[in-house]
Amino acid sequence: MKIVFHIDELPKWPVAQSNLVNTLAVPNVDLVVVVNGEAITGYLKPEIQQFIAQHQGQIAFHACHNAMYAHDVTTAQLPNGVEVVPAGIIDLVNLQNQGYRYIKP
């Protein structure tokens with residue numbers, strides 16, 4: 001099973017984290033989180049950085065370059081392992097074309 005979670009609102013991070021943990025209980029699941037919009041600043045929060053570190057290798061995290069630029073977030077500020085993609089929306093479409101199911105908490 002392949003699932004992409006889309007987070008574009010900062011207050012949605014805790015709900016998404018809970019959904020992700022619950023989804024990890026399912027065997028053979030491939031998880032990607034695409035973050036854009038104001039939610040991109042969540043990558044700067046210590047609690048989110050810790051969550052990402054705890055789930056390295058279990059969940060792939062993507063950051064929209066356009067959102068980073070709009071919210072003054074640099075690549076150096078991102079947690080290790082976060083992949084910068086040119087445009088979050090295009091990333092979402094590409095992942096869905098690869099068979100990922102779209103979830104927006």
# chains A, B, ... in the order shown; residues from 1 in each chain; ligands from 1

call {"tool": "select_by_dssp", "arguments": {"residues": "chain A", "states": "alpha helix (DSSP H)", "output": "ChimeraX atom specification"}}
result
/A:13-24,46-54,65-70,88-97

call {"tool": "closest_atom_pairs", "arguments": {"of": "region 28-100 of chain A", "to": "region 6-22 of chain A", "cutoff": "7 Å", "atoms": "only C-alpha atoms", "output": "CSV"}}
result
residue,atom,partner,partner_atom,distance
A:Val33,CA,A:His6,CA,6.0
A:Val34,CA,A:His6,CA,5.0
A:Val35,CA,A:Ile7,CA,4.9
A:Asn36,CA,A:Asp8,CA,4.9
A:Gly37,CA,A:Asp8,CA,4.8
A:Glu38,CA,A:Glu9,CA,5.7
A:Ala39,CA,A:Leu10,CA,4.0
A:Gly42,CA,A:Leu10,CA,6.2

call {"tool": "atom_distance", "arguments": {"atom1": "CA of Asn28 (chain A)", "atom2": "CA of Phe5 (chain A)"}}
result
16.3 Å

call {"tool": "residues_around", "arguments": {"residues": "Met68 (chain A)", "least_positions_apart": "5", "cutoff": "12 Å", "atoms": "only C-alpha atoms", "output": "list in words"}}
result
Asp8, Val35, Asn36, Gly37, Glu38, Ala39, Ile40, Thr41, Gly42, Tyr43, Leu44, His62, Ala63, Val73, Thr74, Thr75, Ala76, Gln77, Leu78, Glu83, Val84, Val85, Pro86, Ala87 and Gly88 of chain A

call {"tool": "atom_distance", "arguments": {"atom1": "CA of Tyr100 (chain A)", "atom2": "CA of Pro46 (chain A)"}}
result
28.4 Å

call {"tool": "residues_around", "arguments": {"residues": "region 54-56 of chain A", "least_positions_apart": "5", "cutoff": "12 Å", "atoms": "only C-alpha atoms", "output": "PyMOL selection string"}}
result
chain A and resi 17+20-21+24+31-33+47-49+61+79-82

call {"tool": "write_last_selection", "arguments": {"atoms": "all heavy atoms", "output": "mmCIF file, in the first residue's frame"}}
result
data_model
loop_
_atom_site.group_PDB
_atom_site.id
_atom_site.type_symbol
_atom_site.label_atom_id
_atom_site.label_comp_id
_atom_site.auth_asym_id
_atom_site.auth_seq_id
_atom_site.Cartn_x
_atom_site.Cartn_y
_atom_site.Cartn_z
ATOM 1 N N GLN A 17 0.815 13.689 12.235
ATOM 2 C CA GLN A 17 1.744 12.821 12.958
ATOM 3 C C GLN A 17 1.004 11.628 13.574
ATOM 4 O O GLN A 17 1.478 10.496 13.499
ATOM 5 C CB GLN A 17 2.476 13.618 14.041
ATOM 6 C CG GLN A 17 3.500 14.583 13.469
ATOM 7 C CD GLN A 17 4.061 15.493 14.539
ATOM 8 O OE1 GLN A 17 3.459 16.497 14.889
ATOM 9 N NE2 GLN A 17 5.210 15.122 15.052
ATOM 10 N N LEU A 20 0.047 9.245 10.833
ATOM 11 C CA LEU A 20 1.221 8.526 10.341
ATOM 12 C C LEU A 20 1.614 7.385 11.281
ATOM 13 O O LEU A 20 1.882 6.270 10.832
ATOM 14 C CB LEU A 20 2.398 9.493 10.152
ATOM 15 C CG LEU A 20 2.266 10.445 8.972
ATOM 16 C CD1 LEU A 20 3.188 11.636 9.133
ATOM 17 C CD2 LEU A 20 2.530 9.709 7.662
ATOM 18 N N VAL A 21 1.632 7.659 12.575
ATOM 19 C CA VAL A 21 1.965 6.615 13.549
ATOM 20 C C VAL A 21 0.962 5.472 13.458
ATOM 21 O O VAL A 21 1.346 4.295 13.452
ATOM 22 C CB VAL A 21 2.033 7.196 14.978
ATOM 23 C CG1 VAL A 21 2.094 6.100 16.023
ATOM 24 C CG2 VAL A 21 3.228 8.133 15.116
ATOM 25 N N LEU A 24 1.607 3.398 10.358
ATOM 26 C CA LEU A 24 2.804 2.553 10.424
ATOM 27 C C LEU A 24 2.515 1.179 11.018
ATOM 28 O O LEU A 24 3.294 0.246 10.833
ATOM 29 C CB LEU A 24 3.904 3.249 11.237
ATOM 30 C CG LEU A 24 4.638 4.371 10.521
ATOM 31 C CD1 LEU A 24 5.558 5.098 11.488
ATOM 32 C CD2 LEU A 24 5.410 3.841 9.328
ATOM 33 N N LEU A 31 5.049 5.253 2.967
ATOM 34 C CA LEU A 31 4.494 6.561 3.334
ATOM 35 C C LEU A 31 5.385 7.701 2.867
ATOM 36 O O LEU A 31 6.597 7.682 3.071
ATOM 37 C CB LEU A 31 4.339 6.666 4.850
ATOM 38 C CG LEU A 31 3.357 5.717 5.511
ATOM 39 C CD1 LEU A 31 3.411 5.862 7.022
ATOM 40 C CD2 LEU A 31 1.956 5.980 4.996
ATOM 41 N N VAL A 32 4.751 8.709 2.275
ATOM 42 C CA VAL A 32 5.420 9.952 1.888
ATOM 43 C C VAL A 32 4.588 11.092 2.437
ATOM 44 O O VAL A 32 3.353 11.061 2.387
ATOM 45 C CB VAL A 32 5.536 10.092 0.350
ATOM 46 C CG1 VAL A 32 6.185 11.419 -0.024
ATOM 47 C CG2 VAL A 32 6.312 8.922 -0.240
ATOM 48 N N VAL A 33 5.266 12.100 2.983
ATOM 49 C CA VAL A 33 4.604 13.312 3.457
ATOM 50 C C VAL A 33 5.090 14.459 2.585
ATOM 51 O O VAL A 33 6.292 14.715 2.502
ATOM 52 C CB VAL A 33 4.930 13.595 4.938
ATOM 53 C CG1 VAL A 33 4.306 14.911 5.388
ATOM 54 C CG2 VAL A 33 4.465 12.441 5.818
ATOM 55 N N GLU A 47 9.887 19.669 17.931
ATOM 56 C CA GLU A 47 9.084 18.451 18.094
ATOM 57 C C GLU A 47 8.841 17.737 16.767
ATOM 58 O O GLU A 47 8.779 16.503 16.711
ATOM 59 C CB GLU A 47 7.756 18.742 18.810
ATOM 60 C CG GLU A 47 6.830 19.697 18.087
ATOM 61 C CD GLU A 47 7.044 21.184 18.392
ATOM 62 O OE1 GLU A 47 8.147 21.574 18.792
ATOM 63 O OE2 GLU A 47 6.086 21.944 18.204
ATOM 64 N N ILE A 48 8.744 18.497 15.692
ATOM 65 C CA ILE A 48 8.574 17.883 14.373
ATOM 66 C C ILE A 48 9.905 17.318 13.890
ATOM 67 O O ILE A 48 9.954 16.232 13.304
ATOM 68 C CB ILE A 48 7.942 18.881 13.384
ATOM 69 C CG1 ILE A 48 6.502 19.176 13.826
ATOM 70 C CG2 ILE A 48 7.983 18.342 11.953
ATOM 71 C CD1 ILE A 48 5.793 20.258 13.059
ATOM 72 N N GLN A 49 10.986 18.021 14.161
ATOM 73 C CA GLN A 49 12.310 17.511 13.811
ATOM 74 C C GLN A 49 12.583 16.189 14.529
ATOM 75 O O GLN A 49 13.132 15.253 13.938
ATOM 76 C CB GLN A 49 13.380 18.546 14.140
ATOM 77 C CG GLN A 49 13.286 19.776 13.273
ATOM 78 C CD GLN A 49 14.274 20.854 13.655
ATOM 79 O OE1 GLN A 49 14.948 20.780 14.678
ATOM 80 N NE2 GLN A 49 14.370 21.876 12.823
ATOM 81 N N PHE A 61 9.876 12.322 3.796
ATOM 82 C CA PHE A 61 9.357 13.678 3.954
ATOM 83 C C PHE A 61 9.861 14.549 2.808
ATOM 84 O O PHE A 61 11.058 14.572 2.519
ATOM 85 C CB PHE A 61 9.805 14.278 5.289
ATOM 86 C CG PHE A 61 9.158 13.631 6.479
ATOM 87 C CD1 PHE A 61 9.722 12.524 7.082
ATOM 88 C CD2 PHE A 61 7.968 14.136 6.991
ATOM 89 C CE1 PHE A 61 9.118 11.913 8.175
ATOM 90 C CE2 PHE A 61 7.351 13.541 8.082
ATOM 91 C CZ PHE A 61 7.932 12.417 8.675
ATOM 92 N N PRO A 79 15.315 19.367 8.589
ATOM 93 C CA PRO A 79 15.866 18.177 9.255
ATOM 94 C C PRO A 79 16.558 17.264 8.244
ATOM 95 O O PRO A 79 16.209 17.257 7.056
ATOM 96 C CB PRO A 79 14.632 17.483 9.843
ATOM 97 C CG PRO A 79 13.568 18.519 9.878
ATOM 98 C CD PRO A 79 13.870 19.461 8.758
ATOM 99 N N ASN A 80 17.519 16.489 8.715
ATOM 100 C CA ASN A 80 18.188 15.519 7.852
ATOM 101 C C ASN A 80 17.168 14.576 7.240
ATOM 102 O O ASN A 80 16.238 14.134 7.910
ATOM 103 C CB ASN A 80 19.208 14.708 8.649
ATOM 104 C CG ASN A 80 20.413 15.528 9.029
ATOM 105 O OD1 ASN A 80 20.744 16.506 8.379
ATOM 106 N ND2 ASN A 80 21.075 15.139 10.104
ATOM 107 N N GLY A 81 17.376 14.293 5.971
ATOM 108 C CA GLY A 81 16.518 13.334 5.299
ATOM 109 C C GLY A 81 15.324 13.926 4.580
ATOM 110 O O GLY A 81 14.655 13.223 3.828
ATOM 111 N N VAL A 82 15.028 15.198 4.798
ATOM 112 C CA VAL A 82 13.909 15.829 4.095
ATOM 113 C C VAL A 82 14.361 16.158 2.674
ATOM 114 O O VAL A 82 15.391 16.788 2.463
ATOM 115 C CB VAL A 82 13.415 17.103 4.815
ATOM 116 C CG1 VAL A 82 12.352 17.813 3.991
ATOM 117 C CG2 VAL A 82 12.879 16.758 6.200
#

call {"tool": "select_by_dssp", "arguments": {"residues": "chain A", "states": "strand (DSSP E or B)", "output": "list of chain:residue names"}}
result
A:Lys2, A:Ile3, A:Val4, A:Phe5, A:His6, A:Ile7, A:Asp30, A:Leu31, A:Val32, A:Val33, A:Val34, A:Val35, A:Ile59, A:Ala60, A:Phe61, A:His62, A:Ala63, A:Cys64, A:Glu83, A:Val84, A:Val85, A:Arg101, A:Tyr102, A:Ile103

call {"tool": "write_last_selection", "arguments": {"atoms": "N, CA and C atoms", "output": "CSV table (one decimal), in the first residue's frame"}}
result
chain,number,residue,atom,x,y,z
A,2,LYS,N,0.5,2.2,-0.8
A,2,LYS,CA,1.3,3.5,-0.9
A,2,LYS,C,0.4,4.6,-0.6
A,3,ILE,N,0.8,5.5,0.3
A,3,ILE,CA,0.0,6.6,0.8
A,3,ILE,C,0.9,7.9,0.8
A,4,VAL,N,0.3,9.0,0.3
A,4,VAL,CA,0.9,10.3,0.4
A,4,VAL,C,0.0,11.2,1.3
A,5,PHE,N,0.6,11.7,2.3
A,5,PHE,CA,0.0,12.7,3.2
A,5,PHE,C,0.4,14.1,2.8
A,6,HIS,N,-0.6,14.9,2.7
A,6,HIS,CA,-0.4,16.3,2.3
A,6,HIS,C,-0.7,17.3,3.5
A,7,ILE,N,0.4,18.0,3.8
A,7,ILE,CA,0.2,19.0,4.9
A,7,ILE,C,0.5,20.4,4.4
A,30,ASP,N,4.0,2.1,2.4
A,30,ASP,CA,5.0,3.1,1.9
A,30,ASP,C,4.4,4.5,2.1
A,31,LEU,N,5.0,5.3,3.0
A,31,LEU,CA,4.5,6.6,3.3
A,31,LEU,C,5.4,7.7,2.9
A,32,VAL,N,4.8,8.7,2.3
A,32,VAL,CA,5.4,10.0,1.9
A,32,VAL,C,4.6,11.1,2.4
A,33,VAL,N,5.3,12.1,3.0
A,33,VAL,CA,4.6,13.3,3.5
A,33,VAL,C,5.1,14.5,2.6
A,34,VAL,N,4.2,15.1,1.9
A,34,VAL,CA,4.5,16.3,1.1
A,34,VAL,C,4.0,17.5,1.9
A,35,VAL,N,4.9,18.5,2.1
A,35,VAL,CA,4.6,19.7,2.9
A,35,VAL,C,4.8,20.9,2.0
A,59,ILE,N,9.3,6.7,6.9
A,59,ILE,CA,8.4,7.8,6.3
A,59,ILE,C,9.4,8.7,5.5
A,60,ALA,N,9.0,9.0,4.2
A,60,ALA,CA,9.8,9.9,3.4
A,60,ALA,C,9.1,11.3,3.6
A,61,PHE,N,9.9,12.3,3.8
A,61,PHE,CA,9.4,13.7,4.0
A,61,PHE,C,9.9,14.5,2.8
A,62,HIS,N,8.9,15.3,2.2
A,62,HIS,CA,9.2,16.2,1.1
A,62,HIS,C,8.9,17.6,1.5
A,63,ALA,N,9.7,18.5,1.0
A,63,ALA,CA,9.5,20.0,1.2
A,63,ALA,C,9.4,20.7,-0.1
A,64,CYS,N,8.3,21.5,-0.3
A,64,CYS,CA,8.1,22.2,-1.5
A,64,CYS,C,9.1,23.4,-1.5
A,83,GLU,N,13.6,15.7,1.7
A,83,GLU,CA,13.9,15.9,0.3
A,83,GLU,C,13.2,17.2,-0.2
A,84,VAL,N,13.9,18.1,-0.8
A,84,VAL,CA,13.3,19.3,-1.4
A,84,VAL,C,12.8,18.9,-2.8
A,85,VAL,N,11.6,19.3,-3.1
A,85,VAL,CA,11.0,19.1,-4.4
A,85,VAL,C,10.7,20.4,-5.0
A,101,ARG,N,-2.1,6.8,-2.7
A,101,ARG,CA,-3.4,7.3,-2.3
A,101,ARG,C,-3.2,8.6,-1.5
A,102,TYR,N,-4.0,9.6,-1.8
A,102,TYR,CA,-3.9,10.9,-1.3
A,102,TYR,C,-4.7,11.0,0.0
A,103,ILE,N,-4.0,11.5,1.1
A,103,ILE,CA,-4.7,11.8,2.4
A,103,ILE,C,-4.3,13.2,2.8

call {"tool": "atom_distance", "arguments": {"atom1": "CA of Asp72 (chain A)", "atom2": "CA of Lys104 (chain A)"}}
result
24.1 Å

call {"tool": "closest_residue", "arguments": {"among": "A:Met1, A:Ile89, A:Ala53, A:Ala70", "to": "Thr23 (chain A)", "atoms": "only C-alpha atoms"}}
result
A:Met1

call {"tool": "decode", "arguments": {"residues": "region 28-63 of chain A", "atoms": "N, CA, C and O atoms", "output": "mmCIF file, in the first residue's frame"}}
result
data_model
loop_
_atom_site.group_PDB
_atom_site.id
_atom_site.type_symbol
_atom_site.label_atom_id
_atom_site.label_comp_id
_atom_site.auth_asym_id
_atom_site.auth_seq_id
_atom_site.Cartn_x
_atom_site.Cartn_y
_atom_site.Cartn_z
ATOM 1 N N ASN A 28 3.682 -3.462 5.360
ATOM 2 C CA ASN A 28 3.943 -3.180 3.938
ATOM 3 C C ASN A 28 3.312 -1.880 3.453
ATOM 4 O O ASN A 28 2.648 -1.851 2.417
ATOM 5 N N VAL A 29 3.520 -0.815 4.196
ATOM 6 C CA VAL A 29 2.999 0.485 3.787
ATOM 7 C C VAL A 29 4.172 1.409 3.444
ATOM 8 O O VAL A 29 5.189 1.410 4.133
ATOM 9 N N ASP A 30 4.028 2.111 2.351
ATOM 10 C CA ASP A 30 5.030 3.070 1.874
ATOM 11 C C ASP A 30 4.434 4.457 2.084
ATOM 12 O O ASP A 30 3.420 4.795 1.468
ATOM 13 N N LEU A 31 5.049 5.253 2.967
ATOM 14 C CA LEU A 31 4.494 6.561 3.334
ATOM 15 C C LEU A 31 5.385 7.701 2.867
ATOM 16 O O LEU A 31 6.597 7.682 3.071
ATOM 17 N N VAL A 32 4.751 8.709 2.275
ATOM 18 C CA VAL A 32 5.420 9.952 1.888
ATOM 19 C C VAL A 32 4.588 11.092 2.437
ATOM 20 O O VAL A 32 3.353 11.061 2.387
ATOM 21 N N VAL A 33 5.266 12.100 2.983
ATOM 22 C CA VAL A 33 4.604 13.312 3.457
ATOM 23 C C VAL A 33 5.090 14.459 2.585
ATOM 24 O O VAL A 33 6.292 14.715 2.502
ATOM 25 N N VAL A 34 4.156 15.144 1.935
ATOM 26 C CA VAL A 34 4.479 16.317 1.121
ATOM 27 C C VAL A 34 3.993 17.547 1.887
ATOM 28 O O VAL A 34 2.815 17.649 2.230
ATOM 29 N N VAL A 35 4.927 18.456 2.135
ATOM 30 C CA VAL A 35 4.616 19.654 2.918
ATOM 31 C C VAL A 35 4.801 20.877 2.036
ATOM 32 O O VAL A 35 5.852 21.057 1.408
ATOM 33 N N ASN A 36 3.768 21.733 2.009
ATOM 34 C CA ASN A 36 3.861 23.002 1.298
ATOM 35 C C ASN A 36 3.068 24.053 2.065
ATOM 36 O O ASN A 36 2.606 23.804 3.174
ATOM 37 N N GLY A 37 2.932 25.221 1.479
ATOM 38 C CA GLY A 37 2.205 26.304 2.147
ATOM 39 C C GLY A 37 2.851 26.664 3.470
ATOM 40 O O GLY A 37 4.035 26.430 3.686
ATOM 41 N N GLU A 38 2.032 27.233 4.362
ATOM 42 C CA GLU A 38 2.548 27.678 5.664
ATOM 43 C C GLU A 38 3.076 26.530 6.516
ATOM 44 O O GLU A 38 3.890 26.736 7.416
ATOM 45 N N ALA A 39 2.640 25.320 6.239
ATOM 46 C CA ALA A 39 3.076 24.154 7.014
ATOM 47 C C ALA A 39 4.566 23.892 6.875
ATOM 48 O O ALA A 39 5.152 23.186 7.698
ATOM 49 N N ILE A 40 5.185 24.474 5.860
ATOM 50 C CA ILE A 40 6.619 24.280 5.655
ATOM 51 C C ILE A 40 7.409 24.723 6.887
ATOM 52 O O ILE A 40 8.456 24.162 7.205
ATOM 53 N N THR A 41 6.900 25.700 7.613
ATOM 54 C CA THR A 41 7.604 26.191 8.810
ATOM 55 C C THR A 41 7.572 25.164 9.942
ATOM 56 O O THR A 41 8.342 25.276 10.898
ATOM 57 N N GLY A 42 6.727 24.162 9.828
ATOM 58 C CA GLY A 42 6.718 23.082 10.809
ATOM 59 C C GLY A 42 8.043 22.342 10.853
ATOM 60 O O GLY A 42 8.441 21.840 11.908
ATOM 61 N N TYR A 43 8.737 22.283 9.738
ATOM 62 C CA TYR A 43 10.038 21.620 9.697
ATOM 63 C C TYR A 43 11.054 22.287 10.628
ATOM 64 O O TYR A 43 12.080 21.701 10.949
ATOM 65 N N LEU A 44 10.781 23.505 11.058
ATOM 66 C CA LEU A 44 11.696 24.227 11.938
ATOM 67 C C LEU A 44 11.423 23.958 13.415
ATOM 68 O O LEU A 44 12.229 24.319 14.267
ATOM 69 N N LYS A 45 10.314 23.334 13.730
ATOM 70 C CA LYS A 45 9.915 23.092 15.123
ATOM 71 C C LYS A 45 10.637 21.853 15.669
ATOM 72 O O LYS A 45 10.651 20.799 15.032
ATOM 73 N N PRO A 46 11.220 21.978 16.860
ATOM 74 C CA PRO A 46 11.969 20.843 17.439
ATOM 75 C C PRO A 46 11.155 19.561 17.574
ATOM 76 O O PRO A 46 11.676 18.470 17.322
ATOM 77 N N GLU A 47 9.887 19.669 17.931
ATOM 78 C CA GLU A 47 9.084 18.451 18.094
ATOM 79 C C GLU A 47 8.841 17.737 16.767
ATOM 80 O O GLU A 47 8.779 16.503 16.711
ATOM 81 N N ILE A 48 8.744 18.497 15.692
ATOM 82 C CA ILE A 48 8.574 17.883 14.373
ATOM 83 C C ILE A 48 9.905 17.318 13.890
ATOM 84 O O ILE A 48 9.954 16.232 13.304
ATOM 85 N N GLN A 49 10.986 18.021 14.161
ATOM 86 C CA GLN A 49 12.310 17.511 13.811
ATOM 87 C C GLN A 49 12.583 16.189 14.529
ATOM 88 O O GLN A 49 13.132 15.253 13.938
ATOM 89 N N GLN A 50 12.174 16.091 15.778
ATOM 90 C CA GLN A 50 12.356 14.860 16.548
ATOM 91 C C GLN A 50 11.506 13.731 15.944
ATOM 92 O O GLN A 50 11.975 12.600 15.815
ATOM 93 N N PHE A 51 10.278 14.044 15.573
ATOM 94 C CA PHE A 51 9.395 13.048 14.954
ATOM 95 C C PHE A 51 10.027 12.504 13.671
ATOM 96 O O PHE A 51 10.032 11.289 13.439
ATOM 97 N N ILE A 52 10.571 13.385 12.865
ATOM 98 C CA ILE A 52 11.192 12.973 11.608
ATOM 99 C C ILE A 52 12.403 12.082 11.884
ATOM 100 O O ILE A 52 12.574 11.037 11.258
ATOM 101 N N ALA A 53 13.211 12.476 12.852
ATOM 102 C CA ALA A 53 14.390 11.674 13.204
ATOM 103 C C ALA A 53 13.985 10.278 13.688
ATOM 104 O O ALA A 53 14.639 9.284 13.356
ATOM 105 N N GLN A 54 12.907 10.195 14.437
ATOM 106 C CA GLN A 54 12.441 8.912 14.966
ATOM 107 C C GLN A 54 11.907 7.990 13.870
ATOM 108 O O GLN A 54 11.867 6.780 14.062
ATOM 109 N N HIS A 55 11.488 8.557 12.770
ATOM 110 C CA HIS A 55 10.857 7.761 11.714
ATOM 111 C C HIS A 55 11.674 7.714 10.422
ATOM 112 O O HIS A 55 11.129 7.411 9.352
ATOM 113 N N GLN A 56 12.985 7.997 10.535
ATOM 114 C CA GLN A 56 13.872 7.878 9.374
ATOM 115 C C GLN A 56 13.788 6.452 8.841
ATOM 116 O O GLN A 56 13.829 5.496 9.600
ATOM 117 N N GLY A 57 13.646 6.310 7.567
ATOM 118 C CA GLY A 57 13.577 5.000 6.951
ATOM 119 C C GLY A 57 12.168 4.417 6.918
ATOM 120 O O GLY A 57 11.929 3.444 6.206
ATOM 121 N N GLN A 58 11.242 4.996 7.681
ATOM 122 C CA GLN A 58 9.859 4.524 7.678
ATOM 123 C C GLN A 58 8.943 5.443 6.882
ATOM 124 O O GLN A 58 7.955 4.995 6.314
ATOM 125 N N ILE A 59 9.266 6.740 6.922
ATOM 126 C CA ILE A 59 8.438 7.764 6.269
ATOM 127 C C ILE A 59 9.373 8.672 5.479
ATOM 128 O O ILE A 59 10.394 9.126 6.002
ATOM 129 N N ALA A 60 9.014 8.964 4.229
ATOM 130 C CA ALA A 60 9.758 9.936 3.424
ATOM 131 C C ALA A 60 9.083 11.295 3.575
ATOM 132 O O ALA A 60 7.856 11.399 3.494
ATOM 133 N N PHE A 61 9.876 12.322 3.796
ATOM 134 C CA PHE A 61 9.357 13.678 3.954
ATOM 135 C C PHE A 61 9.861 14.549 2.808
ATOM 136 O O PHE A 61 11.058 14.572 2.519
ATOM 137 N N HIS A 62 8.923 15.258 2.174
ATOM 138 C CA HIS A 62 9.249 16.160 1.067
ATOM 139 C C HIS A 62 8.895 17.589 1.460
ATOM 140 O O HIS A 62 7.903 17.828 2.154
ATOM 141 N N ALA A 63 9.701 18.530 0.993
ATOM 142 C CA ALA A 63 9.471 19.954 1.242
ATOM 143 C C ALA A 63 9.376 20.685 -0.090
ATOM 144 O O ALA A 63 10.259 20.545 -0.947
#
